[in-house]
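Worksheet: the structure to be examined is printed underneath.
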Amino acid sequence: MTEQITALDVSDVRFPTSRQLDGSDAMNPEPDYSATYVTVRTSAGAEGHGLAFTIGRGNEVQAEAVRALAPLVVGLPVDELLADLGAFSRRLTGDGQLRWLGPAKGVIHMAAAAIDNAVWDLAGRLAGKPVWRLLAEMTPEQLVDLVDFRYLRDALTRDEALAILRAAEPGRAERTARLLESGYPAYTTSPGWLGYTDEKLVRLAKEAVAEGFTQIKLKVGADPEADLRRVRLAREAVGPDIRIAIDANQAWGVPEAIERLRPLAPHAPYWIEEPTSPDDILGHAAIRRAVAPIRVATGEHCQNQVMFKQLLQAEAVDVLQIDASRVAGVTENVAILLLAARFGVPVCPHAGGVGLCEMVQHLAMFDYVAVSGSTEDRVIEYVDHLHEHFTAPVEVRAGRYTAPTTPGLGAELRPESVAAHRYPDGPVWRADA
């Protein structure tokens with residue numbers, strides 16, 4: 001009998017990070033880092049795990065969106081599904097009725113991400129490979145078959161994508177060996193949450209440098225005087241040679257962003273992240289022109305590959321930030337990595353949330369091995385919390401991600417963590433109530 005997908009389970013899992021203000025920023029002062037956690041099961045007993053990241057209230061809505069997509073998945077033959085993951089992604093995002101809830105944006109698109117990530121995890125497990133390696137060992141033709149070029153051809157054609165991938169082929173083996181030996185550069189946001197005291201910021205910034213990080217990130221955007229004081233303290237703590245990125249989390253309008261960055265410029269911020277609305281492509285371009293040499297970075301709230309295309313076409317960003325669960329999972333992120341390579345813009349993934357470090361490292365490492373072929377000016381965000389809840393947590397040593405060797409995407413939560421943090425009936429939340 002042909003192996004089939006027999007179930008798609010979803011859990012609302014929330015961690016009470018608001019109690020210590022971990023993750024706090026100008027727009028999200030008290031987040032509870034949460035996962036819409038998906039498990040795909042097959043008739044042969046195999047499993048795949050994925051998630052979409054949220055920050056508390058509304059995670060139940062995200063879970064319902066996953067359940068709405070489940071009939072598109074359950075019953076599919078596993079061999080056929082894994083043989084054409086591009087077609088599977090288009091099935092998830094192109095349903096004639098459900099796509100009206102997007103299309104290709106918001107809760108329904110993130111639900112597709114959680115499922116797509118779970119299926120890639122299943123693919124990696126069945127192949128016995130981590131997903132970064134599974135992708136990096138695919139042929140250029142197999143990789144471009146993942147991409148829906150319909151809305152991209154004015155910026156990236158299939159032939160151009162093939163040329164990028166073929167140009168990177170000769171060095172794949174060497175870069176794989178280098179990655180396994182030396183890892184991938186990281187930066188840390190752990191010192192910079194907006195709710196932390198000045199003393200905690202300084203202490204954690206110094207600890208980050210001692211641990212080998214060459215870049216840290218601070219949240220800004222609430223109070224101008226506090227922003228200036230905190231950036232100054234961080235610069236004094238880490239010295240002139242450590243990069244300090246800053247992140248406004250969409251707090252400003254365009255003129256305000258330009259004005260607010262002027263007093264910070266003497267402390268040499270490396271990039272300003274999300275200085276304005278994530279949907280304002282022309283606004284990002286205007287800010288970029290006005291604040292150079294401070295770089296402009298965005299992407300964690302960019303809704304789909306079309307918006308990434310336009311950010312690149314408009315020369316609106318210096319740094320492109322992909323997210324593992326904002327767009328439709330691994331498959332759509334392959335298209336975005338190819339777009340970035342086409343325009344020569346470095347990709348520095350967003351990973352400031354539960355499970356995002358575990359998943360997005362695979363995308364950056366695939367990019368290095370098989371697409372861009374470079375780690376120059378490229379770093380993966382690292383936040384040092386909640387990794388203990390995963391069966392294959394990330395490893396960061398001396399400021400670098402260790403390349404994972406465990407098969408899959410790394411998104412599997414420990415069963416006891418799911419049971420304890422399931423909302424609203426898990427013990428953590430019953431005790432809180």
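In the structure tokens, each chain is lettered A, B, ... as it comes, each chain's residues begin at 1, and ligands are numbered from 1 in order of appearance.
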
Secondary structure check, strand (DSSP E or B) residues of region 52-174 of chain A, as a ChimeraX atom specification:
/A:52-54,77,130

Go ahead and write the residues just picked, N, CA and C atoms, as a short mmCIF file (atom, residue, chain, number, x, y, z; two decimals), in the first residue's frame.
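To be explicit, this is the file written out as result_10.cif:
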data_model
loop_
_atom_site.label_atom_id
_atom_site.label_comp_id
_atom_site.auth_asym_id
_atom_site.auth_seq_id
_atom_site.Cartn_x
_atom_site.Cartn_y
_atom_site.Cartn_z
N ALA A 52 5.03 27.93 12.89
CA ALA A 52 5.00 29.36 12.61
C ALA A 52 5.13 30.08 13.94
N PHE A 53 5.90 31.15 13.95
CA PHE A 53 6.19 31.88 15.18
C PHE A 53 5.23 33.04 15.35
N THR A 54 4.65 33.19 16.55
CA THR A 54 3.86 34.36 16.92
C THR A 54 4.32 34.82 18.30
N PRO A 77 -0.20 11.02 -1.32
CA PRO A 77 0.88 10.02 -1.32
C PRO A 77 2.21 10.69 -1.01
N PRO A 130 20.21 16.68 7.13
CA PRO A 130 19.68 17.98 7.53
C PRO A 130 19.19 18.72 6.29
#

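For Tyr196 (chain A), the list of residues within 12 Å, based on only C-alpha atoms and with local chain neighbours fewer than 3 positions off taken out, reads Ser18, Arg19, Gln20, Leu21, Asp22, Gly23, Ser24, Asp25, Pro29, Glu30, Thr189, Ser190, Pro191, Gly192, Trp193, Glu199, Lys200, Leu201, Val202, Arg203, Leu204, Ala205, Leu218, Lys219, Val220, Ala226 and Arg230 of chain A.
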
May I have the residues from that selection written out with C-alpha atoms, as a PDB file, in the first residue's frame?
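Written file, out_31.pdb:
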ATOM      1  CA  SER A  18       6.880  38.485  28.973  1.00  0.00           C
ATOM      2  CA  ARG A  19       7.685  37.765  32.627  1.00  0.00           C
ATOM      3  CA  GLN A  20      11.364  38.694  32.101  1.00  0.00           C
ATOM      4  CA  LEU A  21      10.709  41.032  29.121  1.00  0.00           C
ATOM      5  CA  ASP A  22      12.743  38.762  26.855  1.00  0.00           C
ATOM      6  CA  GLY A  23      11.934  39.766  23.297  1.00  0.00           C
ATOM      7  CA  SER A  24      10.648  43.226  24.232  1.00  0.00           C
ATOM      8  CA  ASP A  25      10.855  46.000  21.641  1.00  0.00           C
ATOM      9  CA  PRO A  29       6.658  45.470  24.804  1.00  0.00           C
ATOM     10  CA  GLU A  30       5.529  42.220  26.493  1.00  0.00           C
ATOM     11  CA  THR A 189      20.275  40.249  19.973  1.00  0.00           C
ATOM     12  CA  SER A 190      20.313  38.861  23.512  1.00  0.00           C
ATOM     13  CA  PRO A 191      21.836  42.028  25.090  1.00  0.00           C
ATOM     14  CA  GLY A 192      19.494  44.465  23.413  1.00  0.00           C
ATOM     15  CA  TRP A 193      15.858  43.910  24.419  1.00  0.00           C
ATOM     16  CA  GLU A 199      23.269  47.598  33.547  1.00  0.00           C
ATOM     17  CA  LYS A 200      21.946  44.395  32.036  1.00  0.00           C
ATOM     18  CA  LEU A 201      22.539  45.704  28.511  1.00  0.00           C
ATOM     19  CA  VAL A 202      26.178  46.564  29.266  1.00  0.00           C
ATOM     20  CA  ARG A 203      26.835  43.272  31.034  1.00  0.00           C
ATOM     21  CA  LEU A 204      25.323  41.155  28.266  1.00  0.00           C
ATOM     22  CA  ALA A 205      27.053  43.166  25.535  1.00  0.00           C
ATOM     23  CA  LEU A 218      19.891  46.704  20.162  1.00  0.00           C
ATOM     24  CA  LYS A 219      16.205  47.547  20.081  1.00  0.00           C
ATOM     25  CA  VAL A 220      15.399  51.240  19.614  1.00  0.00           C
ATOM     26  CA  ALA A 226      16.956  56.375  25.895  1.00  0.00           C
ATOM     27  CA  ARG A 230      21.701  52.858  25.235  1.00  0.00           C
TER      28      ARG A 230
END

His385 (chain A) environment, 12 Å, only C-alpha atoms, sequence neighbours closer than 4 positions dropped, as a PDB file with C-alpha atoms, in the first residue's frame:
ATOM      1  CA  PHE A  15       6.205  30.430  26.443  1.00  0.00           C
ATOM      2  CA  PRO A  16       5.799  33.177  29.106  1.00  0.00           C
ATOM      3  CA  THR A  17       8.749  35.308  27.985  1.00  0.00           C
ATOM      4  CA  GLN A  20      11.364  38.694  32.101  1.00  0.00           C
ATOM      5  CA  ASP A  22      12.743  38.762  26.855  1.00  0.00           C
ATOM      6  CA  GLY A  23      11.934  39.766  23.297  1.00  0.00           C
ATOM      7  CA  TYR A  33       7.015  33.786  22.341  1.00  0.00           C
ATOM      8  CA  THR A 188      23.272  38.159  18.921  1.00  0.00           C
ATOM      9  CA  THR A 189      20.275  40.249  19.973  1.00  0.00           C
ATOM     10  CA  SER A 190      20.313  38.861  23.512  1.00  0.00           C
ATOM     11  CA  PRO A 191      21.836  42.028  25.090  1.00  0.00           C
ATOM     12  CA  ALA A 351      15.806  34.492  14.061  1.00  0.00           C
ATOM     13  CA  GLY A 352      14.536  36.372  17.109  1.00  0.00           C
ATOM     14  CA  GLY A 353      11.813  33.930  18.102  1.00  0.00           C
ATOM     15  CA  VAL A 354      11.132  30.405  19.309  1.00  0.00           C
ATOM     16  CA  GLY A 355      12.324  27.837  16.768  1.00  0.00           C
ATOM     17  CA  LEU A 356      13.488  30.403  14.225  1.00  0.00           C
ATOM     18  CA  CYS A 357      17.205  29.877  14.910  1.00  0.00           C
ATOM     19  CA  GLU A 358      16.716  26.137  14.545  1.00  0.00           C
ATOM     20  CA  HIS A 389      12.728  22.850  24.349  1.00  0.00           C
ATOM     21  CA  PHE A 390      13.899  21.373  21.025  1.00  0.00           C
ATOM     22  CA  PRO A 393      18.759  22.682  19.480  1.00  0.00           C
ATOM     23  CA  VAL A 394      21.123  25.034  17.693  1.00  0.00           C
TER      24      VAL A 394
END

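CA of Ala335 (chain A) to CA of Glu274 (chain A) spans 21.6 Å [interatomic distance, one decimal].
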
Which neighbours of region 159-170 of chain A fall inside 7 Å, counting only C-alpha atoms, when residues of the same chain fewer than 6 positions from it are skipped, and could you give them as a ChimeraX atom specification?
/A:140-141,144,338,370-371,373

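Residue nearest Asp247 (chain A) within the list A:Asp145, A:Glu259, A:Glu273, A:Glu3: A:Glu273 [criterion: smallest interatomic distance, only C-alpha atoms].
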
Within 12 Å of Val119 (chain A), counting only C-alpha atoms, which residues show up once you throw out same-chain ones fewer than 5 positions away? Write them as a PDB file with C-alpha atoms, in the first residue's frame, please.
ATOM      1  CA  ILE A   5      -0.076  11.533   4.883  1.00  0.00           C
ATOM      2  CA  LEU A   8      -1.746  16.889  10.408  1.00  0.00           C
ATOM      3  CA  VAL A  38       2.567  21.301  13.322  1.00  0.00           C
ATOM      4  CA  THR A  39       3.260  17.579  13.074  1.00  0.00           C
ATOM      5  CA  VAL A  40       2.703  15.744   9.796  1.00  0.00           C
ATOM      6  CA  ARG A  41       2.268  11.976  10.177  1.00  0.00           C
ATOM      7  CA  THR A  42       2.407   9.215   7.567  1.00  0.00           C
ATOM      8  CA  ALA A  46       7.173   8.782   9.844  1.00  0.00           C
ATOM      9  CA  GLU A  47       6.789  12.337  11.150  1.00  0.00           C
ATOM     10  CA  GLY A  48       7.718  15.856  10.132  1.00  0.00           C
ATOM     11  CA  HIS A  49       7.660  18.905  12.419  1.00  0.00           C
ATOM     12  CA  GLY A  50       7.311  22.582  11.612  1.00  0.00           C
ATOM     13  CA  LEU A  51       6.026  25.776  13.139  1.00  0.00           C
ATOM     14  CA  VAL A  73      -2.433  17.708   2.818  1.00  0.00           C
ATOM     15  CA  VAL A  74      -4.017  14.686   4.487  1.00  0.00           C
ATOM     16  CA  LEU A  76      -1.540  12.807  -0.269  1.00  0.00           C
ATOM     17  CA  VAL A  78       4.214  10.735   0.341  1.00  0.00           C
ATOM     18  CA  ASP A  79       6.328   9.795  -2.691  1.00  0.00           C
ATOM     19  CA  LEU A  81       4.454  14.946  -2.505  1.00  0.00           C
ATOM     20  CA  LEU A  82       8.209  14.782  -1.923  1.00  0.00           C
ATOM     21  CA  ALA A  83       8.946  14.332  -5.621  1.00  0.00           C
ATOM     22  CA  ASP A  84       7.529  17.805  -6.395  1.00  0.00           C
ATOM     23  CA  LEU A  85       7.696  20.101  -3.380  1.00  0.00           C
ATOM     24  CA  GLY A  86       7.253  23.123  -5.619  1.00  0.00           C
ATOM     25  CA  PHE A  88       2.989  21.082  -3.071  1.00  0.00           C
ATOM     26  CA  SER A  89       3.785  24.668  -2.065  1.00  0.00           C
ATOM     27  CA  LEU A  92      -0.987  25.153  -0.189  1.00  0.00           C
ATOM     28  CA  ALA A 112       1.213  27.401   4.849  1.00  0.00           C
ATOM     29  CA  ALA A 113       4.730  28.098   6.192  1.00  0.00           C
ATOM     30  CA  ALA A 114       4.216  25.881   9.240  1.00  0.00           C
ATOM     31  CA  GLY A 124      15.065  15.526   5.488  1.00  0.00           C
ATOM     32  CA  ARG A 125      14.289  12.775   7.977  1.00  0.00           C
ATOM     33  CA  LEU A 126      13.368  10.288   5.247  1.00  0.00           C
ATOM     34  CA  VAL A 131      17.573  20.199   5.277  1.00  0.00           C
ATOM     35  CA  ALA A 328       5.425  30.150   2.921  1.00  0.00           C
ATOM     36  CA  GLY A 329       8.252  28.184   4.485  1.00  0.00           C
ATOM     37  CA  VAL A 330      11.403  26.670   3.028  1.00  0.00           C
ATOM     38  CA  THR A 331      10.089  26.562  -0.535  1.00  0.00           C
ATOM     39  CA  GLY A 408      15.370  17.326   9.245  1.00  0.00           C
ATOM     40  CA  LEU A 409      14.764  21.039   9.867  1.00  0.00           C
ATOM     41  CA  ALA A 411      11.814  22.253  14.540  1.00  0.00           C
TER      42      ALA A 411
END
